[in-house]
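*Asks:* Please see the structure below; I have some questions.
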Amino acid sequence: MKFTFFSLAILALFSCAPKKMPPKKDLPVLKASTCFENGDCTVEILKNAELLIRKDETGQLYVEIIPGVKNVFKYSYTRKKLEGIADSGYQEIILFEFLSGEINLLLQDKNLQEANLVFGRLCYCKGESGYFRINRGDLKLVSNNKRVAVDLKFQAEVPQIIHELKETIKQE
């Protein structure tokens, strides 16, 4: 009797299958065509997402990507770490949001905030690290069912490596 009960318990345990996750709707992370020496660059579009930009108790901006009705464009440059130097990590991130569908968008200077354009500089750079709203530059975005083309030139309020980028991402 004990053997039968034990056998059934083991059989039930191994017959359970994990739930299948729904397919991810984001486009895959791609190697960016615009990149800089001594680093790796990626670009991705997060579908059905929005940027939530807040300030912490010290007044510094931080960004969360939350579910929403828009899309988020994310470009990331990560410099290769320097050997033997503990705090040599350095990353720059560009984030903005846009609507789905046929879009031909041109934003300049203060109007860049219509797309919630932010620049992230993540490093051991006292007083010059964190996320910053971009209010100087030009953003051109052409989006349709087949591709998203981004042409961005901008100036941040902190030192930066990325000043401009051009990326075209094919959509499936």
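The way I read the labels, and the way they are meant: chains A, B, ... in the order of the structure tokens, residue 1 as the first residue of every chain, and ligand 1 as the first ligand shown, with later ones counted on from there.
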Could you pull the residues within 7 Å of Val63 of chain A, counting only C-alpha atoms, minus those fewer than 3 positions along the same chain, as a list of chain:residue names?
*Replies:*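 Neighbouring residues, sequence-local ones excluded: A:Leu51, A:Leu52, A:Ile53, A:Arg54.
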*Asks:* Can you list, as a list in words, every protein, DNA or RNA residue that comes within 9 Å of segment 145-156 of chain A when you count only C-alpha atoms, leaving out same-chain residues fewer than 6 positions away?
*Replies:*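 Counting only C-alpha atoms, the residues come to Ile45, Ser100, Gly101, Glu102, Asp109, Phe119, Phe132, Arg133, Ile134, Asn135, Arg136, Gly137, Asp138, Leu139, Ile162, His163, Glu164, Leu165, Lys166, Glu167, Thr168, Ile169, Lys170, Gln171 and Glu172 of chain A.
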*Asks:* Which residues are close to Pro67 of chain A, i.e. within 9 Å by only C-alpha atoms, leaving aside same-chain residues fewer than 4 positions away? Reply as a ChimeraX atom specification.
*Replies:* /A:47-51
*Asks:* Using DSSP assignments from the backbone, pull out every residue in segment 16-94 of chain A that falls under strand (DSSP E) and give it to me as JSON, numbers by chain.
*Replies:* {"A": [30, 31, 39, 40, 41, 42, 43, 44, 45, 46, 47, 48, 49, 50, 51, 52, 53, 54, 55, 61, 62, 63, 64, 65, 66, 67, 68, 69, 70, 71, 72, 73, 74, 75, 76, 77, 78, 79, 90, 91, 92, 93, 94]}
*Asks:* Considering only C-alpha atoms, can you say which of A:Ile66, A:Val142, A:Asn71, A:Glu157 comes closest to Ala115 of chain A?
*Replies:*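 Checking each candidate against Ala115 of chain A, we get A:Asn71 as the closest.
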*Asks:* Which residue gives the smallest distance to Ile65 of chain A among A:Lys80, A:Leu46, A:Phe98, A:Leu122, with only C-alpha atoms counted?
*Replies:* A:Leu46
*Asks:* Identify which of the residues A:Leu141, A:Asn38, A:Tyr124, A:Gln91 lies closest to Leu107 of chain A, counting only C-alpha atoms when measuring atom-to-atom distances.
*Replies:*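 Among A:Leu141, A:Asn38, A:Tyr124, A:Gln91, it is A:Leu141 that comes nearest to Leu107 of chain A.
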*Asks:* So, with only C-alpha atoms as the atoms that count, which of A:Leu106, A:Val72, A:Leu99, A:Leu61 lies closest to Arg121 of chain A?
*Replies:*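 With only C-alpha atoms as the atom set, the closest residue is A:Leu61.
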